[in-house]
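*Asks:* What follows is final_24.txt, compact mmCIF, C-alpha atoms and all ligand atoms.
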# COMPACT_ATOMS: atom_id res chain seq x y z
CA MET C 12 130.05 -81.99 -169.61
CA GLU C 13 130.59 -80.60 -173.10
CA ARG C 14 127.88 -78.11 -173.99
CA LEU C 15 127.71 -79.06 -177.69
CA LYS C 16 128.59 -82.73 -177.49
CA ASP C 17 128.27 -84.30 -180.98
CA LYS C 18 126.28 -81.33 -182.35
CA VAL C 19 126.99 -80.61 -186.01
CA ALA C 20 127.66 -76.94 -186.67
CA ILE C 21 128.40 -74.77 -189.68
CA ILE C 22 130.15 -71.49 -188.93
CA THR C 23 130.47 -69.04 -191.81
CA GLY C 24 133.48 -66.73 -191.85
CA GLY C 25 135.03 -69.21 -189.41
CA GLY C 26 138.63 -68.61 -190.43
CA THR C 27 139.07 -65.23 -188.74
CA GLY C 28 137.96 -62.95 -185.91
CA ILE C 29 134.68 -63.73 -184.17
CA GLY C 30 134.07 -66.78 -186.40
CA LYS C 31 137.39 -68.37 -185.48
CA ALA C 32 136.90 -67.71 -181.75
CA THR C 33 133.46 -69.33 -182.06
CA ALA C 34 134.91 -72.31 -183.92
CA ASP C 35 137.58 -72.91 -181.27
CA LEU C 36 135.01 -72.62 -178.47
CA PHE C 37 132.52 -74.91 -180.23
CA ALA C 38 135.25 -77.51 -180.83
CA ALA C 39 136.25 -77.37 -177.16
CA GLU C 40 132.59 -77.96 -176.28
CA GLY C 41 132.42 -81.12 -178.40
CA ALA C 42 130.86 -79.87 -181.65
CA LYS C 43 131.58 -81.35 -185.07
CA LEU C 44 132.44 -78.43 -187.31
CA LEU C 45 132.39 -77.29 -190.88
CA LEU C 46 133.76 -73.79 -191.37
CA VAL C 47 132.69 -71.97 -194.51
CA GLY C 48 134.50 -68.96 -195.89
CA ARG C 49 135.71 -67.23 -198.96
CA MET C 50 139.46 -67.48 -198.46
CA GLU C 51 141.12 -70.87 -198.05
CA GLN C 52 144.32 -69.97 -196.18
CA PRO C 53 142.83 -68.71 -192.89
CA LEU C 54 140.32 -71.57 -192.87
CA LYS C 55 143.11 -74.10 -193.32
CA GLU C 56 145.16 -72.56 -190.52
CA THR C 57 142.36 -73.12 -187.98
CA GLY C 58 142.90 -76.89 -188.15
CA HIS C 59 139.10 -77.45 -188.30
CA SER C 60 137.23 -79.00 -191.25
CA TYR C 61 136.25 -76.41 -193.83
CA CYS C 62 135.00 -75.70 -197.32
CA THR C 63 135.33 -72.55 -199.39
CA ALA C 64 132.20 -70.80 -200.63
CA ASP C 65 130.74 -67.40 -201.27
CA ILE C 66 127.69 -67.54 -199.01
CA ALA C 67 125.78 -65.13 -201.26
CA ILE C 68 125.91 -67.40 -204.31
CA SER C 69 123.02 -69.83 -204.10
CA GLU C 70 124.80 -72.92 -205.49
CA GLN C 71 127.78 -72.38 -203.22
CA ALA C 72 125.67 -71.85 -200.10
CA SER C 73 123.68 -74.98 -200.91
CA ALA C 74 126.86 -76.99 -201.58
CA ALA C 75 128.32 -75.92 -198.22
CA VAL C 76 125.27 -77.20 -196.36
CA GLU C 77 125.36 -80.46 -198.35
CA THR C 78 129.04 -80.88 -197.48
CA ALA C 79 128.28 -80.69 -193.74
CA VAL C 80 125.44 -83.19 -194.03
CA ASP C 81 127.54 -85.55 -196.19
CA MET C 82 130.32 -85.40 -193.59
CA TYR C 83 128.26 -85.79 -190.42
CA GLY C 84 124.77 -87.01 -191.44
CA ARG C 85 122.84 -84.03 -190.00
CA LEU C 86 122.96 -80.31 -189.19
CA ASP C 87 122.15 -78.96 -185.74
CA ILE C 88 123.59 -75.43 -185.75
CA LEU C 89 124.22 -72.70 -188.29
CA VAL C 90 126.19 -69.63 -187.23
CA ASN C 91 125.77 -66.93 -189.87
CA ASN C 92 128.87 -64.97 -188.92
CA ALA C 93 130.38 -64.02 -192.29
CA GLY C 94 129.92 -60.35 -193.07
CA ILE C 95 131.67 -57.34 -194.52
CA LEU C 96 132.18 -53.73 -193.50
CA LEU C 97 133.36 -51.73 -196.50
CA PRO C 98 134.60 -48.13 -196.32
CA GLU C 99 131.49 -45.99 -196.79
CA LYS C 100 130.50 -42.39 -197.43
CA PRO C 101 127.35 -40.41 -196.62
CA LEU C 102 124.37 -41.79 -198.56
CA THR C 103 124.38 -38.85 -200.98
CA ASP C 104 127.85 -39.92 -202.18
CA ILE C 105 127.77 -43.68 -201.71
CA ASP C 106 128.76 -45.73 -204.71
CA GLU C 107 126.32 -48.36 -205.81
CA ALA C 108 128.91 -51.14 -205.80
CA THR C 109 129.43 -50.66 -202.04
CA LEU C 110 125.69 -50.69 -201.44
CA ASP C 111 125.18 -53.81 -203.56
CA GLU C 112 128.08 -55.79 -202.09
CA THR C 113 127.23 -54.98 -198.47
CA LEU C 114 123.61 -56.02 -198.86
CA ARG C 115 124.58 -59.02 -200.99
CA VAL C 116 126.94 -60.54 -198.44
CA ASN C 117 125.38 -59.45 -195.14
CA VAL C 118 121.71 -59.92 -196.02
CA LYS C 119 121.45 -62.24 -199.02
CA GLY C 120 124.31 -64.44 -197.79
CA THR C 121 122.72 -64.86 -194.37
CA LEU C 122 119.33 -65.67 -195.89
CA LEU C 123 120.68 -68.14 -198.45
CA MET C 124 122.71 -70.08 -195.89
CA SER C 125 119.64 -70.14 -193.65
CA LYS C 126 117.42 -71.29 -196.50
CA TYR C 127 119.51 -74.39 -197.17
CA ALA C 128 120.18 -75.12 -193.49
CA LEU C 129 116.47 -74.80 -192.67
CA ARG C 130 115.60 -77.41 -195.28
CA LYS C 131 117.73 -79.92 -193.35
CA MET C 132 116.59 -78.75 -189.91
CA PHE C 133 112.95 -78.88 -191.05
CA VAL C 134 113.25 -82.59 -191.85
CA GLN C 135 114.97 -83.22 -188.51
CA ARG C 136 112.42 -81.02 -186.66
CA SER C 137 115.27 -79.44 -184.70
CA GLY C 138 118.02 -76.88 -185.12
CA SER C 139 119.42 -73.57 -183.95
CA ILE C 140 120.51 -70.66 -186.12
CA VAL C 141 122.52 -67.78 -184.70
CA ASN C 142 122.99 -64.68 -186.86
CA VAL C 143 125.78 -62.22 -186.16
CA ALA C 144 124.26 -58.77 -186.56
CA SER C 145 125.74 -55.61 -185.00
CA ILE C 146 124.88 -52.92 -182.48
CA LEU C 147 124.81 -50.60 -185.49
CA GLY C 148 121.73 -52.45 -186.72
CA LEU C 149 119.97 -51.02 -183.67
CA LEU C 150 121.68 -47.67 -183.16
CA GLY C 151 122.65 -46.47 -186.62
CA ALA C 152 125.92 -44.71 -187.39
CA GLU C 153 127.20 -41.91 -189.56
CA ASN C 154 128.90 -42.91 -192.81
CA GLU C 155 128.00 -46.58 -192.43
CA ILE C 156 124.52 -46.58 -193.87
CA ALA C 157 124.74 -49.72 -196.01
CA TYR C 158 126.28 -51.72 -193.16
CA THR C 159 123.74 -50.36 -190.67
CA ALA C 160 120.85 -51.19 -193.00
CA SER C 161 122.22 -54.67 -193.62
CA LYS C 162 122.53 -55.48 -189.92
CA GLY C 163 119.07 -54.05 -189.18
CA ALA C 164 117.80 -56.43 -191.84
CA VAL C 165 119.58 -59.35 -190.16
CA ILE C 166 117.89 -58.52 -186.83
CA SER C 167 114.41 -58.32 -188.34
CA ALA C 168 114.95 -61.39 -190.54
CA THR C 169 115.93 -63.25 -187.37
CA ARG C 170 112.53 -62.50 -185.85
CA ALA C 171 110.71 -63.46 -189.07
CA MET C 172 112.57 -66.77 -189.36
CA ALA C 173 111.99 -67.51 -185.69
CA THR C 174 108.24 -67.02 -186.13
CA GLU C 175 108.13 -69.15 -189.25
CA TYR C 176 110.05 -72.13 -187.86
CA ALA C 177 109.29 -72.20 -184.10
CA LYS C 178 106.58 -74.81 -184.65
CA TYR C 179 109.13 -77.13 -186.27
CA GLY C 180 111.51 -77.12 -183.29
CA ILE C 181 113.94 -74.69 -184.92
CA ARG C 182 115.16 -71.59 -183.07
CA VAL C 183 116.65 -68.48 -184.66
CA ASN C 184 118.40 -65.75 -182.65
CA SER C 185 120.98 -63.06 -183.27
CA VAL C 186 123.84 -61.41 -181.42
CA SER C 187 124.69 -57.73 -181.80
CA PRO C 188 128.25 -56.97 -180.82
CA SER C 189 129.61 -53.47 -180.52
CA VAL C 190 133.27 -52.88 -181.47
CA THR C 191 135.08 -56.19 -181.09
CA GLU C 192 138.83 -56.32 -181.01
CA THR C 193 139.65 -58.52 -183.97
CA ARG C 194 142.94 -58.28 -185.83
CA MET C 195 141.39 -55.82 -188.28
CA ILE C 196 140.30 -53.51 -185.44
CA ARG C 197 143.72 -53.76 -183.73
CA GLU C 198 145.41 -52.79 -187.02
CA LEU C 199 143.04 -49.84 -187.32
CA PHE C 200 143.90 -48.72 -183.78
CA GLY C 201 147.59 -49.03 -184.70
CA ARG C 202 147.09 -46.68 -187.64
CA GLU C 203 144.73 -44.26 -185.85
CA PRO C 204 145.43 -44.28 -182.09
CA GLU C 205 142.96 -41.41 -181.49
CA LEU C 206 140.19 -43.64 -182.84
CA GLU C 207 140.94 -46.21 -180.14
CA GLU C 208 140.35 -43.63 -177.41
CA LYS C 209 137.17 -42.38 -179.09
CA LEU C 210 135.71 -45.85 -179.42
CA PHE C 211 136.64 -46.90 -175.89
CA ALA C 212 134.86 -43.78 -174.60
CA LEU C 213 131.62 -44.85 -176.31
CA HIS C 214 131.44 -47.84 -173.98
CA PRO C 215 130.54 -47.25 -170.32
CA MET C 216 132.85 -50.15 -169.43
CA GLY C 217 135.71 -48.16 -170.96
CA LYS C 218 136.80 -50.93 -173.29
CA VAL C 219 135.68 -52.82 -176.38
CA GLY C 220 134.72 -56.49 -176.61
CA THR C 221 136.80 -59.51 -177.57
CA PRO C 222 135.92 -62.23 -180.08
CA THR C 223 135.60 -64.65 -177.15
CA ASP C 224 132.96 -62.43 -175.49
CA VAL C 225 130.86 -62.80 -178.63
CA ALA C 226 131.65 -66.51 -179.02
CA TYR C 227 130.24 -67.30 -175.54
CA ALA C 228 126.95 -65.54 -176.42
CA ILE C 229 126.76 -67.52 -179.67
CA LEU C 230 127.48 -70.72 -177.74
CA TYR C 231 124.59 -70.05 -175.36
CA LEU C 232 122.14 -69.36 -178.19
CA ALA C 233 123.35 -72.36 -180.22
CA SER C 234 123.12 -74.81 -177.33
CA ASN C 235 120.12 -76.40 -175.62
CA GLU C 236 120.66 -74.10 -172.63
CA SER C 237 118.62 -71.51 -174.55
CA LYS C 238 115.94 -73.99 -175.66
CA PHE C 239 113.05 -71.62 -174.78
CA VAL C 240 114.67 -68.59 -176.46
CA THR C 241 113.86 -67.66 -180.04
CA GLY C 242 113.60 -64.48 -182.13
CA GLN C 243 115.87 -62.62 -179.71
CA ASN C 244 118.79 -60.31 -180.27
CA LEU C 245 121.48 -60.49 -177.58
CA VAL C 246 123.44 -57.23 -177.34
CA LEU C 247 127.14 -57.35 -176.38
CA ASP C 248 128.20 -53.76 -176.07
CA GLY C 249 129.77 -53.02 -172.68
CA GLY C 250 126.75 -50.82 -171.90
CA ARG C 251 127.00 -48.64 -175.04
CA SER C 252 123.30 -48.77 -175.88
CA ILE C 253 122.13 -47.91 -172.34
CA TYR C 254 122.43 -44.26 -173.29
CA GLY C 255 121.38 -44.78 -176.92
CA GLY C 256 124.91 -45.11 -178.36
N1 LIG X 301 134.63 -56.75 -185.23
C1 LIG X 301 133.64 -55.94 -184.90
O1 LIG X 301 133.86 -54.87 -184.30
C2 LIG X 301 132.22 -56.34 -185.18
C3 LIG X 301 131.18 -55.66 -184.51
C4 LIG X 301 129.85 -56.01 -184.78
C5 LIG X 301 129.56 -57.02 -185.68
N2 LIG X 301 130.57 -57.67 -186.33
C6 LIG X 301 130.20 -58.73 -187.27
O2 LIG X 301 130.85 -59.92 -186.88
C7 LIG X 301 131.01 -60.78 -188.02
C8 LIG X 301 132.44 -61.28 -188.06
O3 LIG X 301 133.29 -60.17 -188.29
P1 LIG X 301 134.79 -60.07 -187.76
O4 LIG X 301 134.89 -58.80 -187.02
O5 LIG X 301 135.21 -61.35 -187.12
O6 LIG X 301 135.54 -59.78 -189.13
P2 LIG X 301 136.34 -60.71 -190.17
O7 LIG X 301 136.53 -59.88 -191.38
O8 LIG X 301 137.52 -61.28 -189.49
O9 LIG X 301 135.32 -61.90 -190.46
C9 LIG X 301 134.44 -61.97 -191.52
C10 LIG X 301 134.63 -63.30 -192.22
O10 LIG X 301 133.60 -63.46 -193.19
C11 LIG X 301 134.20 -63.99 -194.36
N3 LIG X 301 133.39 -63.59 -195.51
C12 LIG X 301 133.17 -62.32 -195.96
N4 LIG X 301 132.40 -62.35 -197.06
C13 LIG X 301 132.12 -63.65 -197.31
C14 LIG X 301 131.37 -64.31 -198.31
N5 LIG X 301 130.74 -63.65 -199.29
N6 LIG X 301 131.29 -65.67 -198.26
C15 LIG X 301 131.93 -66.36 -197.29
N7 LIG X 301 132.65 -65.79 -196.32
C16 LIG X 301 132.75 -64.44 -196.33
C17 LIG X 301 135.60 -63.40 -194.40
O11 LIG X 301 136.45 -64.17 -195.22
C18 LIG X 301 135.97 -63.45 -192.92
O12 LIG X 301 136.55 -64.68 -192.58
C19 LIG X 301 130.60 -59.95 -189.23
O13 LIG X 301 129.27 -60.28 -189.61
C20 LIG X 301 130.66 -58.51 -188.71
O14 LIG X 301 129.80 -57.66 -189.41
C21 LIG X 301 131.90 -57.35 -186.10
Could the structure of this file be written out as structure tokens, please?
Ligand SMILES: NC(=O)c1ccc[n+]([C@@H]2O[C@H](COP(=O)([O-])OP(=O)(O)OC[C@H]3O[C@@H](n4cnc5c(N)ncnc54)[C@H](O)[C@@H]3O)[C@@H](O)[C@H]2O)c1
*Replies:*
Amino acid sequence: MERLKDKVAIITGGGTGIGKATADLFAAEGAKLLLVGRMEQPLKETGHSYCTADIAISEQASAAVETAVDMYGRLDILVNNAGILLPEKPLTDIDEATLDETLRVNVKGTLLMSKYALRKMFVQRSGSIVNVASILGLLGAENEIAYTASKGAVISATRAMATEYAKYGIRVNSVSPSVTETRMIRELFGREPELEEKLFALHPMGKVGTPTDVAYAILYLASNESKFVTGQNLVLDGGRSIYGG
């Protein structure tokens, strides 16, 4: 039995990494998809339906939601996966453009996509939103203050949205992955092999996660299997936070 049979889902940042793994898993579980992302080429290569949009521009976020509803007649699931991690410095030296762009995409983008999706889900009186936060939103990290702040905001906004919309049959949860081996991370390990060892050592399991590990958690929270779960943050970190990171 397919776990998302005929459910209509938007996945932002669906062309790469965790978003793509989620898209492939959702499709295998019977979902009807619209991937939303900034760059066309990776979206096209997935073979799933897509539209290009900057999620943090109101008109584009709204148009993406309308596209899904025009295509499939409803919207059951929104996965707010798109996000950015820019090179950062200590707060005393951070440049304002990095601060602005990180908060714009990770916080404003997530909230705008949710705003337009919730309008549809509100009319239907059903829906599930899954936000991709990060373990850093709980633990904090040196030299990643804007990213850490943005993901902390995603976790608390998840709880606020869940409270606001529970009575309308809409659930909102988040996942907080630790280091996840996407292409970007593998390239980084290639350039700095000592970093690989350092990051592996942070995880009691002695390894980092895969995009599929995260995708299965998103699947659970998106599907009816979690129908009594809302406002929660599911941590995927190989035990990293047991000892406080
Ligand atoms: N990889 C990790 O170690 C890790 C750990 C914790 C959390 N995360 C989070 O997981 C999510 C996915 O990241 P990933 O690791 O797969 O990286 P990624 O860079 O492959 O994916 C991010 C996607 O978001 C898209 N995107 C960025 N800005 C956008 C915008 N303004 N509008 C539309 N699309 C936009 C990008 O085009 C890309 O496809 C992010 O929110 C990231 O913060 C990643």
*Asks:* Please identify all polymer residues within 7 Å of range 81-88 of chain C, counting only C-alpha atoms, omitting same-chain residues fewer than 5 positions from it, and present them as an mmCIF file with C-alpha atoms, in the frame of the given file.
*Replies:*
data_model
loop_
_atom_site.group_PDB
_atom_site.id
_atom_site.type_symbol
_atom_site.label_atom_id
_atom_site.label_comp_id
_atom_site.auth_asym_id
_atom_site.auth_seq_id
_atom_site.Cartn_x
_atom_site.Cartn_y
_atom_site.Cartn_z
ATOM 1 C CA LYS C 18 126.280 -81.330 -182.350
ATOM 2 C CA VAL C 19 126.990 -80.610 -186.010
ATOM 3 C CA ALA C 20 127.660 -76.940 -186.670
ATOM 4 C CA ILE C 21 128.400 -74.770 -189.680
ATOM 5 C CA LYS C 131 117.730 -79.920 -193.350
ATOM 6 C CA MET C 132 116.590 -78.750 -189.910
ATOM 7 C CA SER C 137 115.270 -79.440 -184.700
ATOM 8 C CA GLY C 138 118.020 -76.880 -185.120
ATOM 9 C CA SER C 139 119.420 -73.570 -183.950
ATOM 10 C CA ILE C 140 120.510 -70.660 -186.120
ATOM 11 C CA ALA C 233 123.350 -72.360 -180.220
#
*Asks:* With 9 Å as the cut-off and all atoms listed in the file counted, what is the closest atom pair between each nearby residue of chain C and ligand LIG 301 (chain X)? Distances in Å to one decimal, ordered by chain and number, as a tab-separated table.
*Replies:*
residue	atom	partner	partner_atom	distance
C:Thr23	CA	X:LIG301	N7	6.0
C:Gly24	CA	X:LIG301	O10	3.5
C:Gly25	CA	X:LIG301	O12	5.7
C:Gly26	CA	X:LIG301	O12	4.9
C:Thr27	CA	X:LIG301	O8	4.3
C:Gly28	CA	X:LIG301	O5	3.4
C:Ile29	CA	X:LIG301	O5	3.8
C:Gly30	CA	X:LIG301	O5	5.6
C:Lys31	CA	X:LIG301	O5	7.5
C:Ala32	CA	X:LIG301	O5	8.5
C:Val47	CA	X:LIG301	C15	6.3
C:Gly48	CA	X:LIG301	N7	3.7
C:Arg49	CA	X:LIG301	C15	4.2
C:Met50	CA	X:LIG301	O11	5.5
C:Glu51	CA	X:LIG301	O11	8.6
C:Pro53	CA	X:LIG301	O12	7.5
C:Leu54	CA	X:LIG301	O12	7.9
C:Thr63	CA	X:LIG301	C15	7.4
C:Ala64	CA	X:LIG301	C15	5.6
C:Asp65	CA	X:LIG301	N6	3.5
C:Ile66	CA	X:LIG301	N6	4.1
C:Ala67	CA	X:LIG301	N5	5.5
C:Ile68	CA	X:LIG301	N5	7.9
C:Ala72	CA	X:LIG301	N6	8.6
C:Asn91	CA	X:LIG301	O13	7.5
C:Asn92	CA	X:LIG301	O13	4.8
C:Ala93	CA	X:LIG301	O10	3.4
C:Gly94	CA	X:LIG301	O13	3.5
C:Ile95	CA	X:LIG301	C12	5.4
C:Leu96	CA	X:LIG301	O14	6.2
C:Glu112	CA	X:LIG301	N5	8.8
C:Arg115	CA	X:LIG301	N5	7.9
C:Val116	CA	X:LIG301	N5	5.0
C:Asn117	CA	X:LIG301	O13	6.8
C:Gly120	CA	X:LIG301	N5	6.6
C:Asn142	CA	X:LIG301	O13	8.1
C:Val143	CA	X:LIG301	O13	5.3
C:Ala144	CA	X:LIG301	C5	5.7
C:Ser145	CA	X:LIG301	C5	4.1
C:Ile146	CA	X:LIG301	C4	6.3
C:Leu147	CA	X:LIG301	C4	7.4
C:Tyr158	CA	X:LIG301	O14	7.9
C:Lys162	CA	X:LIG301	O14	7.6
C:Val186	CA	X:LIG301	C5	8.4
C:Ser187	CA	X:LIG301	C4	6.2
C:Pro188	CA	X:LIG301	C4	4.4
C:Ser189	CA	X:LIG301	C3	4.8
C:Val190	CA	X:LIG301	O1	3.5
C:Thr191	CA	X:LIG301	O1	3.7
C:Glu192	CA	X:LIG301	N1	6.0
C:Thr193	CA	X:LIG301	N1	5.5
C:Arg194	CA	X:LIG301	O8	7.2
C:Met195	CA	X:LIG301	O8	6.8
C:Ile196	CA	X:LIG301	N1	6.5
C:Val219	CA	X:LIG301	O1	8.4
C:Gly220	CA	X:LIG301	O1	7.9
C:Thr221	CA	X:LIG301	N1	8.4
C:Pro222	CA	X:LIG301	O5	7.1
C:Val225	CA	X:LIG301	O2	8.7
C:Leu247	CA	X:LIG301	C4	8.9
*Asks:* Taking C-alpha atoms for each residue, export the selection above as a PDB file, in the coordinates of the input.
*Replies:*
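As a result, again_21.pdb now contains:
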ATOM      1  CA  THR C  23     130.470 -69.040-191.810  1.00  0.00           C
ATOM      2  CA  GLY C  24     133.480 -66.730-191.850  1.00  0.00           C
ATOM      3  CA  GLY C  25     135.030 -69.210-189.410  1.00  0.00           C
ATOM      4  CA  GLY C  26     138.630 -68.610-190.430  1.00  0.00           C
ATOM      5  CA  THR C  27     139.070 -65.230-188.740  1.00  0.00           C
ATOM      6  CA  GLY C  28     137.960 -62.950-185.910  1.00  0.00           C
ATOM      7  CA  ILE C  29     134.680 -63.730-184.170  1.00  0.00           C
ATOM      8  CA  GLY C  30     134.070 -66.780-186.400  1.00  0.00           C
ATOM      9  CA  LYS C  31     137.390 -68.370-185.480  1.00  0.00           C
ATOM     10  CA  ALA C  32     136.900 -67.710-181.750  1.00  0.00           C
ATOM     11  CA  VAL C  47     132.690 -71.970-194.510  1.00  0.00           C
ATOM     12  CA  GLY C  48     134.500 -68.960-195.890  1.00  0.00           C
ATOM     13  CA  ARG C  49     135.710 -67.230-198.960  1.00  0.00           C
ATOM     14  CA  MET C  50     139.460 -67.480-198.460  1.00  0.00           C
ATOM     15  CA  GLU C  51     141.120 -70.870-198.050  1.00  0.00           C
ATOM     16  CA  PRO C  53     142.830 -68.710-192.890  1.00  0.00           C
ATOM     17  CA  LEU C  54     140.320 -71.570-192.870  1.00  0.00           C
ATOM     18  CA  THR C  63     135.330 -72.550-199.390  1.00  0.00           C
ATOM     19  CA  ALA C  64     132.200 -70.800-200.630  1.00  0.00           C
ATOM     20  CA  ASP C  65     130.740 -67.400-201.270  1.00  0.00           C
ATOM     21  CA  ILE C  66     127.690 -67.540-199.010  1.00  0.00           C
ATOM     22  CA  ALA C  67     125.780 -65.130-201.260  1.00  0.00           C
ATOM     23  CA  ILE C  68     125.910 -67.400-204.310  1.00  0.00           C
ATOM     24  CA  ALA C  72     125.670 -71.850-200.100  1.00  0.00           C
ATOM     25  CA  ASN C  91     125.770 -66.930-189.870  1.00  0.00           C
ATOM     26  CA  ASN C  92     128.870 -64.970-188.920  1.00  0.00           C
ATOM     27  CA  ALA C  93     130.380 -64.020-192.290  1.00  0.00           C
ATOM     28  CA  GLY C  94     129.920 -60.350-193.070  1.00  0.00           C
ATOM     29  CA  ILE C  95     131.670 -57.340-194.520  1.00  0.00           C
ATOM     30  CA  LEU C  96     132.180 -53.730-193.500  1.00  0.00           C
ATOM     31  CA  GLU C 112     128.080 -55.790-202.090  1.00  0.00           C
ATOM     32  CA  ARG C 115     124.580 -59.020-200.990  1.00  0.00           C
ATOM     33  CA  VAL C 116     126.940 -60.540-198.440  1.00  0.00           C
ATOM     34  CA  ASN C 117     125.380 -59.450-195.140  1.00  0.00           C
ATOM     35  CA  GLY C 120     124.310 -64.440-197.790  1.00  0.00           C
ATOM     36  CA  ASN C 142     122.990 -64.680-186.860  1.00  0.00           C
ATOM     37  CA  VAL C 143     125.780 -62.220-186.160  1.00  0.00           C
ATOM     38  CA  ALA C 144     124.260 -58.770-186.560  1.00  0.00           C
ATOM     39  CA  SER C 145     125.740 -55.610-185.000  1.00  0.00           C
ATOM     40  CA  ILE C 146     124.880 -52.920-182.480  1.00  0.00           C
ATOM     41  CA  LEU C 147     124.810 -50.600-185.490  1.00  0.00           C
ATOM     42  CA  TYR C 158     126.280 -51.720-193.160  1.00  0.00           C
ATOM     43  CA  LYS C 162     122.530 -55.480-189.920  1.00  0.00           C
ATOM     44  CA  VAL C 186     123.840 -61.410-181.420  1.00  0.00           C
ATOM     45  CA  SER C 187     124.690 -57.730-181.800  1.00  0.00           C
ATOM     46  CA  PRO C 188     128.250 -56.970-180.820  1.00  0.00           C
ATOM     47  CA  SER C 189     129.610 -53.470-180.520  1.00  0.00           C
ATOM     48  CA  VAL C 190     133.270 -52.880-181.470  1.00  0.00           C
ATOM     49  CA  THR C 191     135.080 -56.190-181.090  1.00  0.00           C
ATOM     50  CA  GLU C 192     138.830 -56.320-181.010  1.00  0.00           C
ATOM     51  CA  THR C 193     139.650 -58.520-183.970  1.00  0.00           C
ATOM     52  CA  ARG C 194     142.940 -58.280-185.830  1.00  0.00           C
ATOM     53  CA  MET C 195     141.390 -55.820-188.280  1.00  0.00           C
ATOM     54  CA  ILE C 196     140.300 -53.510-185.440  1.00  0.00           C
ATOM     55  CA  VAL C 219     135.680 -52.820-176.380  1.00  0.00           C
ATOM     56  CA  GLY C 220     134.720 -56.490-176.610  1.00  0.00           C
ATOM     57  CA  THR C 221     136.800 -59.510-177.570  1.00  0.00           C
ATOM     58  CA  PRO C 222     135.920 -62.230-180.080  1.00  0.00           C
ATOM     59  CA  VAL C 225     130.860 -62.800-178.630  1.00  0.00           C
ATOM     60  CA  LEU C 247     127.140 -57.350-176.380  1.00  0.00           C
TER      61      LEU C 247
END
*Asks:* Could you give me, as a ChimeraX atom specification, the residues that have an atom at most 12 Å away from the point (137.9, -78.0, -177.8) in the coordinates of the file, using all atoms listed in the file?
*Replies:* /C:13-17,32-44,58-59
*Asks:* Restricting the calculation to only C-alpha atoms: of C:Ala79, C:Ile156, C:Met216, C:Leu129, which residue gets closest to Tyr179 in chain C?
*Replies:*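 Answer, going by the shortest atom-to-atom distance: C:Leu129.
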*Asks:* So which residues fall inside 10 Å of (117.3, -56.8, -193.8) if we count all atoms listed in the file? Mind giving them as a ChimeraX atom specification?
*Replies:* /C:114,117-119,121-122,148,159-169
*Asks:* What is the distance between CA of Leu232 in chain C and CA of Ala173 in chain C, in Å to one decimal?
*Replies:*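 Going from CA of Leu232 in chain C over to CA of Ala173 in chain C covers 12.8 Å.
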*Asks:* What is the distance, in Å and to one decimal place, between CA of Lys209 in chain C and CA of Lys100 in chain C?
*Replies:*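 Value for the CA of Lys209 in chain C-CA of Lys100 in chain C distance: 19.5 Å.
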*Asks:* In Å, with one decimal, what is the gap from CA of Thr57 in chain C to CA of Ala228 in chain C?
*Replies:*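 The value is 20.7 Å.
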*Asks:* At a cut-off of 9 Å, using only C-alpha atoms, what residues contact Glu99 in chain C? Leave out same-chain residues fewer than 4 positions from it and give the result as a short mmCIF file (atom, residue, chain, number, x, y, z; two decimals) with C-alpha atoms, in the coordinates of the input.
*Replies:*
data_model
loop_
_atom_site.label_atom_id
_atom_site.label_comp_id
_atom_site.auth_asym_id
_atom_site.auth_seq_id
_atom_site.Cartn_x
_atom_site.Cartn_y
_atom_site.Cartn_z
CA ASP C 104 127.85 -39.92 -202.18
CA ILE C 105 127.77 -43.68 -201.71
CA ASP C 106 128.76 -45.73 -204.71
CA THR C 109 129.43 -50.66 -202.04
CA LEU C 110 125.69 -50.69 -201.44
CA ASN C 154 128.90 -42.91 -192.81
CA GLU C 155 128.00 -46.58 -192.43
CA ILE C 156 124.52 -46.58 -193.87
CA ALA C 157 124.74 -49.72 -196.01
CA TYR C 158 126.28 -51.72 -193.16
#
*Asks:* Which residue out of C:Ala152, C:Ser185, C:Arg197, C:Leu230 has the minimum interatomic distance to Leu245 in chain C when all atoms listed in the file are used?
*Replies:* C:Ser185
*Asks:* With only C-alpha atoms as the basis for distance, which of C:Leu123, C:Met12, C:Ile253, C:Ala108 is at the shortest distance from Ala74 in chain C?
*Replies:*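 Closest residue, counting only C-alpha atoms: C:Leu123.
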*Asks:* What would range 127-133 of chain C look like with N, CA and C atoms in place, written as a compact mmCIF listing (two decimals), in the coordinates of the input?
*Replies:*
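Below is the file that was written, rebuild.txt:
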# COMPACT_ATOMS: atom_id res chain seq x y z
N TYR C 127 119.09 -72.99 -196.95
CA TYR C 127 119.51 -74.39 -197.17
C TYR C 127 119.65 -75.15 -195.86
N ALA C 128 120.08 -74.45 -194.80
CA ALA C 128 120.18 -75.12 -193.49
C ALA C 128 118.79 -75.48 -192.98
N LEU C 129 117.83 -74.55 -193.16
CA LEU C 129 116.47 -74.80 -192.67
C LEU C 129 115.83 -76.01 -193.34
N ARG C 130 116.16 -76.23 -194.59
CA ARG C 130 115.60 -77.41 -195.28
C ARG C 130 116.01 -78.70 -194.56
N LYS C 131 117.26 -78.74 -194.09
CA LYS C 131 117.73 -79.92 -193.35
C LYS C 131 117.10 -79.97 -191.96
N MET C 132 117.11 -78.81 -191.29
CA MET C 132 116.59 -78.75 -189.91
C MET C 132 115.09 -79.05 -189.89
N PHE C 133 114.39 -78.64 -190.93
CA PHE C 133 112.95 -78.88 -191.05
C PHE C 133 112.67 -80.38 -191.06
